[in-house]
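Structure first, then comments.
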Amino acid sequence: MRKTRDQEEENPLLEPPSPVAAVASRRRTPTPMLILLAAFVPLVFHLLLTLPSKSTYHSLFLSLSDNATAARHLEALTLRPHLAGTPSASVASSYVISTLSSLSLPTHSSFYDVLLSYPISRSLSLSSIPFDLTQEPYPGDPFPITDVVPTFHAYAFTGTATGPAVYAGFGRAEDFAILKSMGVNVTGTVVLARYGKIYRGDIVKNAQDAGASGAVIYTDKKDYGGGEEGKCVPEGQWMPPSGVQVGSTWRGLGDPTTIGWPSVQGSCERIGKEEAVAAGLMPAIPSLPVSARDGETIQMSIGGQVAPDDWQGVDGVPVYHIGPGPGFLNLSYFGNETLATIENVFAVIEGEEEPDRYVLLGNHRDAWTFGAVDPNSGTAALLEIAQRLSRMQKRGWRPRRTIILCNWDAEEYGLIGSTEWVEEHRDMLASRAVAYLNVDSSVAGPGFYAAATPQLDELLREATKKVQDPDNTSRTLYESWIALSGSPSIGRLGGGGSDFASFVQHVGVPSVDITFGEGYPVYHSLYDDFLWMKNFGDPMFQRHIAAASVWGLIALRLADDKFLPFDYTDYASELQRSVEILEDEVLGTDLSLSPLYESIGKLKKAAIEIRRQIKAMEDQSWIPNWRTDSLKVRELNDRLMMAERAFTDPDGLFQRTWYKHLVYGPSQHDDYGSKSFPGIDDAIENAKTTNTAESWRFVQHEIWRVTRAITQASQVLNGNLI
């Protein structure tokens, strides 16, 4: 029965004790509970003091490496081709799922129905003499080629093209400008271009814009065959004469039928392929990839003027000419674009203190053929990391923040798996993602290479100081890195070459991309198999281990450090250098870059101030005010995390609205190329072509847009409205 207020006031147990009673109570014999607490509290403090520190666990992570495990994973993943949407692709995903599940990591998948592309028929002939268009197995090749899809360009235009052959170098916009300056009319011709400088989809688009009826792209021996002395697979690492680089020509990101929203299974809004073609994101002329042998045969049929020096092949082969003709090409391609189901796989290690803050590690799984380098060297490294983290968990480690291991599907078609997932979870990622750490091909050869958004530069450097160089055990990776170039050279993430693109350019998530080796000759061909890796790429699988160590150590710092290890002073310095480069582009115009310089100055001040605040909190960390301290730490980390988002604009780049980041994005003419201030760059290129007052005013408008974004980032770092 509830007591009345009067009854409560009359209850002597609720009245404060008298001074005499208080003194008497202190003289009473301690209760068994008090005795137990008195003994238990010191024990708790002792346990807390003797628990391994986070840095101890990080050292343990580095010691748990296993070359044999990485090799076993790679061999299992590359037993058969596993192109996205095919039955063998599900075998590869099942392997990843079973491996993660066996490590007691919570694992799940997300599925999407997306438009993928496969060849039905294709042919190419030179003056009525047909080409075979097949890649030949090398002697003793142990891998089955029955599941290998015929060589093709994904999303190539279905149709035929005929015309005299014209050689266009590397197919860049400037190469077609050279042809025009030499008086060569490309209209109605079939362009021959070589791989090596820009994205194949941009080569086809440039040929289309020049008026060509079709395009043929080949791998020149000078670039992929090792030159005159290069030994080809299996004796050497170079591409055999019949080797063909396949790949996509889709110039967008994600599913072409759901641009800007996810391709969820079941009922889903979709646009037609013809809309992508009309927008210039898919080609409107047919194209084919061919081998060095076929490409050189076509070269020998072309006369006319001599090609520029940097378009020439190896010494000892006939001089290349530009045509048109007299060689005459007949090309046909018929493809099947169909909705297919793809599967992304995830494993989650939930954070103990901040489970709603996500550190994401990602790699794609799908491959054009066997994919030993691209991408499964990265998948093997991801599974190696998973094994180490699982063993750390068994020894008591728990991350402060949540770690998510992501294994993407259909990357090769246009970063489809990662893009659909990012589009589906865009708002959640915008509010919770700390960073995204990407590895596509973890190993293609010697030498460490990295790219990042600049606030992660110092963290990259610190991680490489703790990892041994796999090719020189007397040095750290950092020491070899600086020996290679004088100082660590860190690239930027403006290109669209891998799965970091959606995170950086669509949402504004701080990101890193790392690899060993810069390119490799059997890229996207039949010969990218386990034996190539074992014989040439990484015979001892030490580079795989080093890649996993750097990748995982960066993730652990981001997941475990009390304060996020972001340094925006590096960002300000990088932006300063980018504006100085921009000065040359606007020289002789009335454009003003002063607003940009002023905004960068504000960013630098904000970066210095937040570092000072963090240092002050670290110096006072002994003060026992847990609740106030934890809330302040959270607030500071949120400012560090969200500042990258401020570089994005909801309206996106002009006429490329999917790309939201105003500092880093791809070039309009090269999807692989990374551009600082892509909107300004696009506007300058247009102004140079049209040279109107209005076009130059638009350049100044783009300068102001970037200025406002940098200023917003400064305000986020400052954390004050006034």
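If you're wondering about the labels, chains in the structure tokens are A, B, ... by order shown, residues count from 1 in each chain, ligands from 1 in order shown.
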| said: Using only C-alpha atoms, which protein or nucleic acid residues come within 10 Å of A:His153? Drop anything in the same chain fewer than 3 positions from it, and give the result as a ChimeraX atom specification. | reply: /A:117-119,150,156-157,200-201,217,245-250,286-289,333,335,413
Stretch 278-359 of chain A residues near stretch 261-271 of chain A within 12 Å, closest pair each, using only C-alpha atoms, as CSV:
```
residue,atom,partner,partner_atom,distance
A:Ala278,CA,A:Ile271,CA,11.9
A:Leu339,CA,A:Ser263,CA,10.2
A:Ala340,CA,A:Gln265,CA,10.2
A:Thr341,CA,A:Gln265,CA,8.3
A:Ile342,CA,A:Gln265,CA,10.0
A:Glu343,CA,A:Gln265,CA,11.1
```
| message | Write out as a VMD selection string the set of residues from stretch 327-441 of chain A that DSSP, computed on the backbone, places in strand (DSSP E or B). | response | chain A and resid 328 to 349 354 to 364 401 to 408 433 to 438
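Assigned to alpha helix (DSSP H) in stretch 130-262 of chain A, given DSSP computed from backbone atoms, are A:Ala173, A:Glu174, A:Asp175, A:Phe176, A:Ala177, A:Ile178, A:Leu179, A:Lys180, A:Ser181, A:Arg200, A:Gly201, A:Asp202, A:Ile203, A:Val204, A:Lys205, A:Asn206, A:Ala207, A:Gln208, A:Asp209, A:Lys221, A:Lys222, A:Asp223, A:Tyr224.
For the set A:Asn720, A:Ser90, A:Gln505, A:Asn535, the residue with the smallest atom-to-atom gap to A:Ala410 is A:Ser90, counting only C-alpha atoms.
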| said: Just checking: using only C-alpha atoms, which residue out of A:Met533, A:Thr369, A:Leu564, A:Leu389 ends up closest to A:Pro446? | reply: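 Between A:Met533, A:Thr369, A:Leu564, A:Leu389, the residue approaching A:Pro446 most closely is A:Met533.
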Return as JSON lines the residues of stretch 133-179 of chain A lying at most 7 Å from stretch 315-332 of chain A, together with the closest atom-to-atom pair for each and the distance in Å to one decimal, counting only C-alpha atoms, with rows in chain order and ascending residue number.
```
{"residue": "A:Gly159", "atom": "CA", "partner": "A:Ser332", "partner_atom": "CA", "distance": 5.8}
{"residue": "A:Thr160", "atom": "CA", "partner": "A:Ser332", "partner_atom": "CA", "distance": 4.2}
{"residue": "A:Ala161", "atom": "CA", "partner": "A:Leu331", "partner_atom": "CA", "distance": 5.1}
{"residue": "A:Thr162", "atom": "CA", "partner": "A:Asn330", "partner_atom": "CA", "distance": 4.5}
{"residue": "A:Gly163", "atom": "CA", "partner": "A:Phe328", "partner_atom": "CA", "distance": 5.6}
{"residue": "A:Pro164", "atom": "CA", "partner": "A:Phe328", "partner_atom": "CA", "distance": 4.2}
{"residue": "A:Ala165", "atom": "CA", "partner": "A:Gly325", "partner_atom": "CA", "distance": 5.0}
{"residue": "A:Val166", "atom": "CA", "partner": "A:Pro324", "partner_atom": "CA", "distance": 4.7}
{"residue": "A:Tyr167", "atom": "CA", "partner": "A:Ile322", "partner_atom": "CA", "distance": 4.6}
{"residue": "A:Ala168", "atom": "CA", "partner": "A:Ile322", "partner_atom": "CA", "distance": 6.9}
```
| field | Given only C-alpha atoms as the counted atoms, nearest of A:Asn438, A:Thr56, A:Gln668, A:Asn637 to A:Asn206 | value |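 Answer, going by the shortest atom-to-atom distance: A:Gln668.
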